[in-house]
Amino acid sequence: MAERQLAAGDELYGFILEEITPLAEYQGTGYLFRHIETKMEVYQVVNEDPECFFGYLFRTLPCNDTGVAHIIEHCLLAGSERYPVHDPFMTLLKGSANTFMNALTYPDRTVYPAASPLKKDFDNLFAVYTDAVFAPLLREETFWREGVRLVCNEEGCHYEGVVFNEMLGVSADHDAIVSRSAVQALFPDNPYSFESGGDPEAIINLSYQEFRSFYDQYYHPSNAKLFLFGRMEVGEKLAYLDEHYLRTRGMLQIDSIVPLARRWDRERAVTFTSPMEEGGEEVKNASIILSWATTENDDSLSVMTLSTLVDILLGNPAAPLYKAIIDSDLASDISPESGMSAEFRQMPFIAGFKGIDPEDGEKAQNVILSTLKKIVRDGLDPELIETSLKRTRFSQLEIPGGIPTGLRALTRATRAWMVDRSPSETIELVPTLNELEKRIKRNSRYFEDWIKDHLLDNPHRILVTVKPDEEHQRRQNEAIAKRALHAAKQPGRNGMKEIIEQNKRFAAFEEERDS
């Protein structure tokens with residue numbers, strides 16, 4: 001495939017070429033473009049992969065629990081200016097040869113990825129997605145369907161909506177509450193303290209105006225990033241973007257980088273409740289976890305170090321921390337939330353128990369801390385480290401199916417891109433793995449030192465207890481029902497008369513959609 005001979009600093013279709021990077025791991029080259037007018041960035045990996053991939057990325061920081069970013073993600077692909085049909089996403093699914101199509105809400109960003117091996121199909125997917133993110137219709141009826149709406153009939157008033165119902169299910173799941181609590185309690189002073197997916201009790205308070213305002217705030221091209229991957233011409237989509245969506249939009253200053261959480265000077269503890277599961281009246285029915293805020297995810301070595309360490313400590317029942325949790329006999333199992341996540345700017349490390357007496361928090365914490373202290377004192381088995389490194393190298397270098405290579409590359413590139421650094425800094429794994437192995441050879445206590453510095457000597461940790469409470473579900477249901485009753489009794493605007501009119505409009509909209 002012939003590539004255009006370009007150099008950093010060249011101007012192409014309203015974009016400046018900022019950087020050219022050889023990417024041996026992907027057998028290609030990375031090109032970072034920045035739009036002159038809007039400052040939108042496009043990162044293109046050009047190689048011979050026939051599965052062409054694109055992904056739009058917008059930093060979408062929640063400031064409450066209404067789940068507005070999640071609802072927008074559901075609504076964007078439900079009609080746009082060039083494609084005003086009710087559900088172009090489903091139309092694409094039926095008629096496309098795509099190998100991947102989705103829309104994904106993360107704690108601090110929203111991503112719209114798709115892939116296809118057929119050029120014409122890829123171009124069509126790209127056109128539909130591009131119009132969806134930059135020129136969506138965002139009909140109020142779509143907001144009611146995908147987000148939340150108040151329905152009133154002879155039996156009373158209640159809330160419905162795709163995201164509302166989805167998050168009702170999540171909020172009733174014990175493990176999901178543990179997972180959410182472990183992060184939200186760890187970062188109380190930044191956007192991670194909010195549920196980007198939405199809490200049902202807050203979703204019902206979201207207005208259509210607030211929904212539109214959030215879109216206007218975060219979906220301007222100045223806050224957009226586009227990732228392209230595969231067998232394409234260099235800069236192939238730039239002219240299309242500039243002509244149809246960018247050249248008249250201007251530039252906005254958008255503060256959308258997640259701020260670092262303030263570091264704590266002492267440990268904390270907190271207790272949450274979850275619904276009581278059937279047969280869950282026994283004493284040992286809680287989860288207790290210890291959660292740390294560790295290093296930042298825009299450093300590839302930190303991500304690789306922590307992910308490898310998690311494999312060493314928790315990767316199987318014989319792993320030292322996993323074994324200590326089980327052998328303690330405090331609980332029926334290890335918490336499935338144990339591990340790490342690179343989806344947050346400061347990566348959480350979590351270890352804990354499931355099926356434990358909620359009063360055994362101190363005992364649980366002592367098991368985890370004493371095990372880590374013993375590991376630091378006595379050292380890790382070198383064979384355990386070597387095995388884990390081999391497993392890490394194999395897992396990073398294998399070619400797994402199911403998910404496009406472009407999506408995996410985007411996930412890695414995002415870690416630097418989210419803080420406005422070049423995606424090339426974090427897109428490749430092999431150089432990072434090589435560096436990790438070098439550091440371990442230079443310092444045989446590399447992991448032990450990391451445990452001491454970032455876990456044992458790190459006061460930014462919290463002991464989280466989640467215990468089932470038979471009143472939990474009743475309290476949630478009553479709060480939602482009370483809000484519905486209050487809305488229905490409002491005089492004038494937002495009262496029963498308007499609700500009835502909205503219900504009629506929605507029914508007509510759905511009937512038209514189905515016809």
# chains A, B, ... in the order shown; residues from 1 in each chain; ligands from 1
>>> closest_atom_pairs(of="stretch 340-377 of chain A", to="stretch 411-433 of chain A", cutoff="12 Å", atoms="only C-alpha atoms", output="tab-separated table")
residue	atom	partner	partner_atom	distance
A:Ser341	CA	A:Arg415	CA	12.0
A:Ala342	CA	A:Arg415	CA	8.2
A:Glu343	CA	A:Arg415	CA	8.2
A:Phe344	CA	A:Arg415	CA	9.1
A:Arg345	CA	A:Arg415	CA	8.0
A:Gln346	CA	A:Arg415	CA	11.0
A:Met347	CA	A:Arg415	CA	11.3
>>> select_by_dssp(residues="stretch 17-266 of chain A", states="strand (DSSP E)", output="PyMOL selection string")
chain A and resi 17-23+28-35+41-46+52-59+100-101+104-105+109-116+149-153+156-160+224-230
>>> residues_around(residues="A:Lys225", least_positions_apart="2", cutoff="8 Å", atoms="only C-alpha atoms", output="PyMOL selection string")
chain A and resi 40-43+56-58+221+223+227
>>> write_last_selection(atoms="N, CA and C atoms", output="PDB file, in the first residue's frame")
ATOM      1  N   MET A  40      -9.353  19.431  17.633  1.00  0.00           N
ATOM      2  CA  MET A  40      -9.656  18.000  17.707  1.00  0.00           C
ATOM      3  C   MET A  40      -8.446  17.190  17.249  1.00  0.00           C
ATOM      4  N   GLU A  41      -8.179  16.089  17.947  1.00  0.00           N
ATOM      5  CA  GLU A  41      -7.040  15.238  17.598  1.00  0.00           C
ATOM      6  C   GLU A  41      -7.509  13.948  16.921  1.00  0.00           C
ATOM      7  N   VAL A  42      -6.737  13.511  15.946  1.00  0.00           N
ATOM      8  CA  VAL A  42      -6.966  12.237  15.257  1.00  0.00           C
ATOM      9  C   VAL A  42      -5.658  11.461  15.314  1.00  0.00           C
ATOM     10  N   TYR A  43      -5.734  10.242  15.851  1.00  0.00           N
ATOM     11  CA  TYR A  43      -4.547   9.380  15.863  1.00  0.00           C
ATOM     12  C   TYR A  43      -4.829   8.188  14.951  1.00  0.00           C
ATOM     13  N   TYR A  56     -14.495   6.928  18.309  1.00  0.00           N
ATOM     14  CA  TYR A  56     -14.580   8.298  18.820  1.00  0.00           C
ATOM     15  C   TYR A  56     -14.511   8.258  20.340  1.00  0.00           C
ATOM     16  N   LEU A  57     -13.787   9.186  20.909  1.00  0.00           N
ATOM     17  CA  LEU A  57     -13.621   9.246  22.357  1.00  0.00           C
ATOM     18  C   LEU A  57     -13.916  10.674  22.815  1.00  0.00           C
ATOM     19  N   PHE A  58     -14.761  10.786  23.834  1.00  0.00           N
ATOM     20  CA  PHE A  58     -15.072  12.076  24.455  1.00  0.00           C
ATOM     21  C   PHE A  58     -14.880  11.934  25.959  1.00  0.00           C
ATOM     22  N   PRO A 221     -16.306  19.333  19.057  1.00  0.00           N
ATOM     23  CA  PRO A 221     -15.093  18.743  18.479  1.00  0.00           C
ATOM     24  C   PRO A 221     -13.810  19.031  19.273  1.00  0.00           C
ATOM     25  N   ASN A 223     -13.381  18.695  22.270  1.00  0.00           N
ATOM     26  CA  ASN A 223     -13.245  17.654  23.291  1.00  0.00           C
ATOM     27  C   ASN A 223     -13.263  16.259  22.672  1.00  0.00           C
ATOM     28  N   PHE A 227      -9.746   7.796  16.845  1.00  0.00           N
ATOM     29  CA  PHE A 227      -8.701   6.795  16.667  1.00  0.00           C
ATOM     30  C   PHE A 227      -9.046   5.967  15.429  1.00  0.00           C
TER      31      PHE A 227
END
>>> closest_residue(among="A:Lys441, A:Ile403, A:Pro358, A:Leu436", to="A:Val303", atoms="only C-alpha atoms")
A:Leu436
>>> atom_distance(atom1="atom CA of A:Arg513", atom2="atom CA of A:Val148")
18.0 Å
>>> closest_residue(among="A:Phe143, A:Phe53, A:Phe164, A:Tyr159", to="A:Arg212", atoms="only C-alpha atoms")
A:Phe143
>>> closest_residue(among="A:Thr387, A:Thr405, A:Ser256, A:Thr21", to="A:Phe100", atoms="only C-alpha atoms")
A:Thr405
>>> closest_residue(among="A:Cys63, A:Ile334, A:Leu168, A:Val163", to="A:Glu210", atoms="only C-alpha atoms")
A:Cys63
>>> closest_residue(among="A:Gln365, A:Leu150, A:Met101, A:Arg145", to="A:Val128", atoms="only C-alpha atoms")
A:Met101
>>> residues_around(residues="A:Val258", least_positions_apart="5", cutoff="8 Å", atoms="only C-alpha atoms", output="ChimeraX atom specification")
/A:61,108,190-191,345
>>> write_last_selection(atoms="N, CA and C atoms", output="PDB file, in the first residue's frame")
ATOM      1  N   LEU A  61     -17.168  13.851  32.070  1.00  0.00           N
ATOM      2  CA  LEU A  61     -17.002  13.750  33.520  1.00  0.00           C
ATOM      3  C   LEU A  61     -18.333  13.938  34.239  1.00  0.00           C
ATOM      4  N   ASP A 108     -15.069   8.016  33.148  1.00  0.00           N
ATOM      5  CA  ASP A 108     -14.646   9.378  32.827  1.00  0.00           C
ATOM      6  C   ASP A 108     -14.678   9.689  31.331  1.00  0.00           C
ATOM      7  N   ASN A 190     -13.302  13.794  43.506  1.00  0.00           N
ATOM      8  CA  ASN A 190     -13.210  13.993  42.060  1.00  0.00           C
ATOM      9  C   ASN A 190     -14.360  13.254  41.365  1.00  0.00           C
ATOM     10  N   PRO A 191     -14.487  13.334  40.037  1.00  0.00           N
ATOM     11  CA  PRO A 191     -15.669  12.756  39.367  1.00  0.00           C
ATOM     12  C   PRO A 191     -15.873  11.264  39.588  1.00  0.00           C
ATOM     13  N   ARG A 345      -7.752   7.108  36.649  1.00  0.00           N
ATOM     14  CA  ARG A 345      -6.469   7.796  36.529  1.00  0.00           C
ATOM     15  C   ARG A 345      -5.504   7.355  37.620  1.00  0.00           C
TER      16      ARG A 345
END
>>> closest_residue(among="A:Thr392, A:Ser338, A:Asn477, A:Thr273", to="A:Met304", atoms="only C-alpha atoms")
A:Thr392
>>> select_by_dssp(residues="stretch 211-440 of chain A", states="alpha helix (DSSP H)", output="VMD selection string")
chain A and resid 211 to 218 238 to 241 300 to 314 320 to 327 361 to 378 382 to 397 405 to 417 430 to 440
>>> write_last_selection(atoms="C-alpha atoms", output="JSON list (two decimals), in the first residue's frame")
[["chain", "number", "residue", "atom", "x", "y", "z"],
["A", 211, "PHE", "CA", -29.35, 16.15, 29.20],
["A", 212, "ARG", "CA", -28.98, 18.55, 26.27],
["A", 213, "SER", "CA", -26.64, 20.83, 28.23],
["A", 214, "PHE", "CA", -24.30, 17.93, 29.02],
["A", 215, "TYR", "CA", -24.11, 17.05, 25.34],
["A", 216, "ASP", "CA", -23.35, 20.65, 24.41],
["A", 217, "GLN", "CA", -20.66, 20.83, 27.07],
["A", 218, "TYR", "CA", -18.73, 17.66, 26.24],
["A", 238, "LEU", "CA", -9.47, 14.22, 7.56],
["A", 239, "ALA", "CA", -10.98, 16.01, 4.55],
["A", 240, "TYR", "CA", -14.42, 14.51, 5.29],
["A", 241, "LEU", "CA", -14.27, 15.67, 8.92],
["A", 300, "SER", "CA", 2.71, 2.16, 31.11],
["A", 301, "LEU", "CA", 5.27, 0.69, 33.49],
["A", 302, "SER", "CA", 2.96, 1.35, 36.44],
["A", 303, "VAL", "CA", 0.07, -0.40, 34.67],
["A", 304, "MET", "CA", 2.23, -3.39, 33.74],
["A", 305, "THR", "CA", 3.72, -3.58, 37.24],
["A", 306, "LEU", "CA", 0.36, -3.57, 38.98],
["A", 307, "SER", "CA", -1.31, -6.00, 36.56],
["A", 308, "THR", "CA", 1.60, -8.43, 36.92],
["A", 309, "LEU", "CA", 1.59, -8.05, 40.69],
["A", 310, "VAL", "CA", -2.14, -8.78, 40.80],
["A", 311, "ASP", "CA", -1.46, -11.99, 38.89],
["A", 312, "ILE", "CA", 1.30, -12.91, 41.37],
["A", 313, "LEU", "CA", -0.75, -12.14, 44.49],
["A", 314, "LEU", "CA", -4.30, -13.04, 43.42],
["A", 320, "PRO", "CA", -0.11, -15.94, 48.33],
["A", 321, "LEU", "CA", -2.75, -13.28, 49.03],
["A", 322, "TYR", "CA", -5.58, -15.35, 47.53],
["A", 323, "LYS", "CA", -4.51, -18.34, 49.66],
["A", 324, "ALA", "CA", -4.26, -16.24, 52.83],
["A", 325, "ILE", "CA", -7.79, -14.92, 52.35],
["A", 326, "ILE", "CA", -9.21, -18.42, 51.87],
["A", 327, "ASP", "CA", -7.12, -20.01, 54.64],
["A", 361, "GLY", "CA", -13.61, -5.83, 59.30],
["A", 362, "GLU", "CA", -10.56, -5.49, 61.53],
["A", 363, "LYS", "CA", -9.78, -9.20, 61.24],
["A", 364, "ALA", "CA", -10.11, -9.05, 57.46],
["A", 365, "GLN", "CA", -7.83, -6.03, 57.23],
["A", 366, "ASN", "CA", -5.24, -7.72, 59.44],
["A", 367, "VAL", "CA", -5.16, -10.81, 57.21],
["A", 368, "ILE", "CA", -4.45, -8.71, 54.12],
["A", 369, "LEU", "CA", -1.90, -6.40, 55.74],
["A", 370, "SER", "CA", -0.05, -9.15, 57.62],
["A", 371, "THR", "CA", 0.20, -11.20, 54.42],
["A", 372, "LEU", "CA", 1.64, -8.25, 52.50],
["A", 373, "LYS", "CA", 4.10, -7.53, 55.35],
["A", 374, "LYS", "CA", 5.22, -11.17, 55.32],
["A", 375, "ILE", "CA", 5.75, -11.01, 51.55],
["A", 376, "VAL", "CA", 7.86, -7.87, 51.90],
["A", 377, "ARG", "CA", 9.87, -9.41, 54.76],
["A", 378, "ASP", "CA", 10.45, -12.87, 53.29],
["A", 382, "PRO", "CA", 11.39, -15.99, 42.18],
["A", 383, "GLU", "CA", 9.79, -18.87, 40.32],
["A", 384, "LEU", "CA", 6.35, -17.35, 40.97],
["A", 385, "ILE", "CA", 7.55, -14.05, 39.48],
["A", 386, "GLU", "CA", 9.10, -15.75, 36.46],
["A", 387, "THR", "CA", 5.95, -17.76, 35.79],
["A", 388, "SER", "CA", 3.80, -14.66, 36.01],
["A", 389, "LEU", "CA", 6.08, -12.72, 33.65],
["A", 390, "LYS", "CA", 5.91, -15.53, 31.11],
["A", 391, "ARG", "CA", 2.15, -15.59, 31.43],
["A", 392, "THR", "CA", 2.02, -11.80, 31.05],
["A", 393, "ARG", "CA", 4.19, -11.87, 27.94],
["A", 394, "PHE", "CA", 2.12, -14.65, 26.42],
["A", 395, "SER", "CA", -1.20, -12.90, 27.19],
["A", 396, "GLN", "CA", 0.06, -9.60, 25.79],
["A", 397, "LEU", "CA", 1.50, -11.06, 22.62],
["A", 405, "THR", "CA", -7.00, -5.33, 17.50],
["A", 406, "GLY", "CA", -7.86, -1.68, 16.93],
["A", 407, "LEU", "CA", -10.04, -1.59, 20.05],
["A", 408, "ARG", "CA", -7.27, -3.09, 22.17],
["A", 409, "ALA", "CA", -4.86, -0.52, 20.75],
["A", 410, "LEU", "CA", -7.30, 2.31, 21.48],
["A", 411, "THR", "CA", -7.73, 1.14, 25.09],
["A", 412, "ARG", "CA", -3.98, 1.32, 25.63],
["A", 413, "ALA", "CA", -3.54, 4.59, 23.75],
["A", 414, "THR", "CA", -6.33, 6.19, 25.78],
["A", 415, "ARG", "CA", -4.30, 6.12, 29.01],
["A", 416, "ALA", "CA", -1.94, 8.85, 27.79],
["A", 417, "TRP", "CA", -4.49, 10.52, 25.52],
["A", 430, "VAL", "CA", 6.21, -4.97, 24.42],
["A", 431, "PRO", "CA", 8.67, -2.13, 25.24],
["A", 432, "THR", "CA", 7.02, -1.77, 28.65],
["A", 433, "LEU", "CA", 7.26, -5.49, 29.35],
["A", 434, "ASN", "CA", 10.91, -5.44, 28.32],
["A", 435, "GLU", "CA", 11.54, -2.53, 30.70],
["A", 436, "LEU", "CA", 9.76, -4.33, 33.55],
["A", 437, "GLU", "CA", 11.93, -7.40, 33.07],
["A", 438, "LYS", "CA", 15.08, -5.22, 33.05],
["A", 439, "ARG", "CA", 14.09, -3.57, 36.32],
["A", 440, "ILE", "CA", 13.42, -6.90, 37.98]]
>>> residues_around(residues="A:Ser116", least_positions_apart="3", cutoff="8 Å", atoms="only C-alpha atoms", output="ChimeraX atom specification")
/A:51-53,97-100,119,121-122
>>> write_last_selection(atoms="N, CA and C atoms", output="mmCIF file, in the first residue's frame")
data_model
loop_
_atom_site.group_PDB
_atom_site.id
_atom_site.type_symbol
_atom_site.label_atom_id
_atom_site.label_comp_id
_atom_site.auth_asym_id
_atom_site.auth_seq_id
_atom_site.Cartn_x
_atom_site.Cartn_y
_atom_site.Cartn_z
ATOM 1 N N GLU A 51 -8.939 -5.566 9.046
ATOM 2 C CA GLU A 51 -10.087 -5.194 9.878
ATOM 3 C C GLU A 51 -9.928 -3.730 10.283
ATOM 4 N N CYS A 52 -10.492 -2.841 9.489
ATOM 5 C CA CYS A 52 -10.369 -1.409 9.762
ATOM 6 C C CYS A 52 -11.257 -1.039 10.956
ATOM 7 N N PHE A 53 -10.729 -0.173 11.792
ATOM 8 C CA PHE A 53 -11.389 0.166 13.055
ATOM 9 C C PHE A 53 -11.351 1.675 13.263
ATOM 10 N N ALA A 97 -21.667 -5.549 7.471
ATOM 11 C CA ALA A 97 -20.735 -6.678 7.625
ATOM 12 C C ALA A 97 -19.761 -6.411 8.758
ATOM 13 N N ASN A 98 -20.154 -5.527 9.679
ATOM 14 C CA ASN A 98 -19.250 -5.137 10.768
ATOM 15 C C ASN A 98 -18.818 -6.335 11.598
ATOM 16 N N THR A 99 -17.613 -6.240 12.137
ATOM 17 C CA THR A 99 -17.110 -7.239 13.086
ATOM 18 C C THR A 99 -17.224 -6.733 14.511
ATOM 19 N N PHE A 100 -17.529 -5.422 14.642
ATOM 20 C CA PHE A 100 -17.719 -4.850 15.981
ATOM 21 C C PHE A 100 -18.468 -3.532 15.837
ATOM 22 N N LYS A 119 -14.271 -2.167 2.928
ATOM 23 C CA LYS A 119 -14.050 -0.732 2.835
ATOM 24 C C LYS A 119 -15.355 0.051 2.747
ATOM 25 N N ASP A 121 -18.358 -0.788 3.641
ATOM 26 C CA ASP A 121 -19.104 -0.919 4.890
ATOM 27 C C ASP A 121 -18.460 -0.072 5.986
ATOM 28 N N PHE A 122 -17.136 -0.090 6.046
ATOM 29 C CA PHE A 122 -16.414 0.719 7.032
ATOM 30 C C PHE A 122 -16.725 2.202 6.821
#
>>> residues_around(residues="A:Ile71", least_positions_apart="2", cutoff="12 Å", atoms="only C-alpha atoms", output="ChimeraX atom specification")
/A:60,62,65-69,73-78,103-105,110,138,140,142-148,161-167,196-199,203-204,206-208,210-212,214-215
>>> write_last_selection(atoms="N, CA and C atoms", output="short mmCIF file (atom, residue, chain, number, x, y, z; two decimals), in the first residue's frame")
data_model
loop_
_atom_site.label_atom_id
_atom_site.label_comp_id
_atom_site.auth_asym_id
_atom_site.auth_seq_id
_atom_site.Cartn_x
_atom_site.Cartn_y
_atom_site.Cartn_z
N THR A 60 -16.10 12.62 29.34
CA THR A 60 -17.44 12.98 29.83
C THR A 60 -17.46 12.79 31.34
N PRO A 62 -18.76 12.95 35.01
CA PRO A 62 -20.01 13.12 35.76
C PRO A 62 -19.84 14.11 36.91
N ASP A 65 -25.04 11.75 40.09
CA ASP A 65 -25.35 10.33 39.84
C ASP A 65 -26.50 10.13 38.86
N THR A 66 -26.81 11.15 38.05
CA THR A 66 -27.97 11.04 37.14
C THR A 66 -27.70 10.13 35.95
N GLY A 67 -26.43 9.75 35.71
CA GLY A 67 -26.13 8.86 34.59
C GLY A 67 -26.30 9.52 33.25
N VAL A 68 -26.16 10.86 33.19
CA VAL A 68 -26.43 11.57 31.94
C VAL A 68 -25.50 11.13 30.82
N ALA A 69 -24.23 10.84 31.13
CA ALA A 69 -23.30 10.37 30.09
C ALA A 69 -23.76 9.04 29.52
N GLU A 73 -25.08 8.28 25.67
CA GLU A 73 -24.49 7.18 24.89
C GLU A 73 -25.59 6.33 24.24
N HIS A 74 -26.68 6.10 24.96
CA HIS A 74 -27.80 5.33 24.41
C HIS A 74 -28.55 6.10 23.33
N CYS A 75 -28.60 7.44 23.47
CA CYS A 75 -29.44 8.25 22.59
C CYS A 75 -28.76 8.71 21.30
N LEU A 76 -27.43 8.81 21.31
CA LEU A 76 -26.75 9.39 20.15
C LEU A 76 -27.01 8.61 18.87
N LEU A 77 -27.02 7.30 18.95
CA LEU A 77 -27.20 6.48 17.76
C LEU A 77 -28.68 6.18 17.51
N ALA A 78 -29.51 7.17 17.80
CA ALA A 78 -30.96 7.02 17.58
C ALA A 78 -31.47 8.13 16.69
N ALA A 103 -21.22 1.18 21.75
CA ALA A 103 -21.06 2.49 22.39
C ALA A 103 -20.85 2.18 23.86
N LEU A 104 -19.85 2.79 24.49
CA LEU A 104 -19.41 2.37 25.81
C LEU A 104 -19.22 3.57 26.73
N THR A 105 -19.86 3.51 27.91
CA THR A 105 -19.69 4.56 28.91
C THR A 105 -18.72 4.07 29.98
N THR A 110 -16.63 8.50 27.20
CA THR A 110 -17.56 7.70 26.42
C THR A 110 -16.92 7.42 25.07
N LEU A 138 -31.22 13.96 19.14
CA LEU A 138 -31.49 13.99 20.59
C LEU A 138 -32.92 14.41 20.88
N GLU A 140 -36.59 14.55 22.39
CA GLU A 140 -37.05 14.38 23.77
C GLU A 140 -37.67 13.00 23.97
N THR A 142 -36.72 10.29 22.52
CA THR A 142 -35.62 9.34 22.65
C THR A 142 -35.08 9.36 24.08
N PHE A 143 -34.97 10.56 24.64
CA PHE A 143 -34.56 10.70 26.04
C PHE A 143 -35.52 9.94 26.96
N TRP A 144 -36.81 10.06 26.70
CA TRP A 144 -37.78 9.34 27.53
C TRP A 144 -37.63 7.83 27.38
N ARG A 145 -37.40 7.38 26.15
CA ARG A 145 -37.30 5.93 25.93
C ARG A 145 -36.01 5.36 26.52
N GLU A 146 -34.88 5.98 26.18
CA GLU A 146 -33.59 5.43 26.58
C GLU A 146 -33.19 5.82 28.00
N GLY A 147 -33.64 6.99 28.45
CA GLY A 147 -33.25 7.47 29.77
C GLY A 147 -34.29 7.16 30.81
N VAL A 148 -35.24 8.09 30.97
CA VAL A 148 -36.27 7.91 32.00
C VAL A 148 -37.50 8.73 31.64
N GLY A 161 -37.77 3.41 31.48
CA GLY A 161 -36.66 3.88 30.66
C GLY A 161 -35.57 2.82 30.62
N VAL A 162 -34.89 2.71 29.49
CA VAL A 162 -33.91 1.64 29.31
C VAL A 162 -32.78 1.76 30.34
N VAL A 163 -32.15 2.93 30.43
CA VAL A 163 -31.05 3.10 31.39
C VAL A 163 -31.55 3.01 32.82
N PHE A 164 -32.70 3.61 33.10
CA PHE A 164 -33.28 3.53 34.44
C PHE A 164 -33.46 2.08 34.87
N ASN A 165 -34.06 1.27 34.00
CA ASN A 165 -34.29 -0.14 34.33
C ASN A 165 -32.98 -0.92 34.45
N GLU A 166 -32.04 -0.61 33.55
CA GLU A 166 -30.73 -1.28 33.61
C GLU A 166 -30.05 -1.02 34.95
N MET A 167 -30.08 0.24 35.38
CA MET A 167 -29.37 0.58 36.62
C MET A 167 -30.15 0.15 37.86
N SER A 196 -21.16 7.01 36.92
CA SER A 196 -21.36 7.48 35.55
C SER A 196 -22.51 6.76 34.87
N GLY A 197 -22.77 5.53 35.28
CA GLY A 197 -23.90 4.79 34.70
C GLY A 197 -25.24 5.27 35.21
N GLY A 198 -25.23 5.88 36.40
CA GLY A 198 -26.46 6.42 36.97
C GLY A 198 -26.98 5.61 38.14
N ASP A 199 -27.47 6.31 39.15
CA ASP A 199 -28.16 5.70 40.29
C ASP A 199 -29.65 5.96 40.08
N ILE A 203 -31.30 9.27 38.67
CA ILE A 203 -31.70 9.29 37.26
C ILE A 203 -33.07 9.96 37.11
N ILE A 204 -33.98 9.69 38.03
CA ILE A 204 -35.35 10.21 37.91
C ILE A 204 -35.40 11.74 38.05
N LEU A 206 -33.17 13.74 36.48
CA LEU A 206 -32.53 14.33 35.31
C LEU A 206 -33.58 14.90 34.36
N SER A 207 -33.39 16.15 33.97
CA SER A 207 -34.31 16.78 33.03
C SER A 207 -33.74 16.70 31.61
N TYR A 208 -34.63 16.87 30.65
CA TYR A 208 -34.22 16.88 29.25
C TYR A 208 -33.27 18.04 28.98
N GLU A 210 -31.11 19.39 31.09
CA GLU A 210 -29.79 19.04 31.63
C GLU A 210 -29.08 18.03 30.72
N PHE A 211 -29.85 17.13 30.16
CA PHE A 211 -29.35 16.15 29.20
C PHE A 211 -28.75 16.85 27.98
N ARG A 212 -29.48 17.81 27.42
CA ARG A 212 -28.98 18.55 26.27
C ARG A 212 -27.75 19.39 26.63
N PHE A 214 -25.48 18.78 28.87
CA PHE A 214 -24.30 17.93 29.02
C PHE A 214 -23.72 17.60 27.65
N TYR A 215 -24.60 17.31 26.70
CA TYR A 215 -24.11 17.05 25.34
C TYR A 215 -23.37 18.27 24.80
#
>>> atom_distance(atom1="atom CA of A:Ala481", atom2="atom CA of A:Val464")
29.3 Å
>>> atom_distance(atom1="atom CA of A:Ala24", atom2="atom CA of A:Gly402")
22.7 Å
>>> residues_around(residues="A:Ser181", least_positions_apart="2", cutoff="12 Å", atoms="only C-alpha atoms", output="ChimeraX atom specification")
/A:171,174-179,183-188,192-195,269-274,287-291,337,348,350,462-467
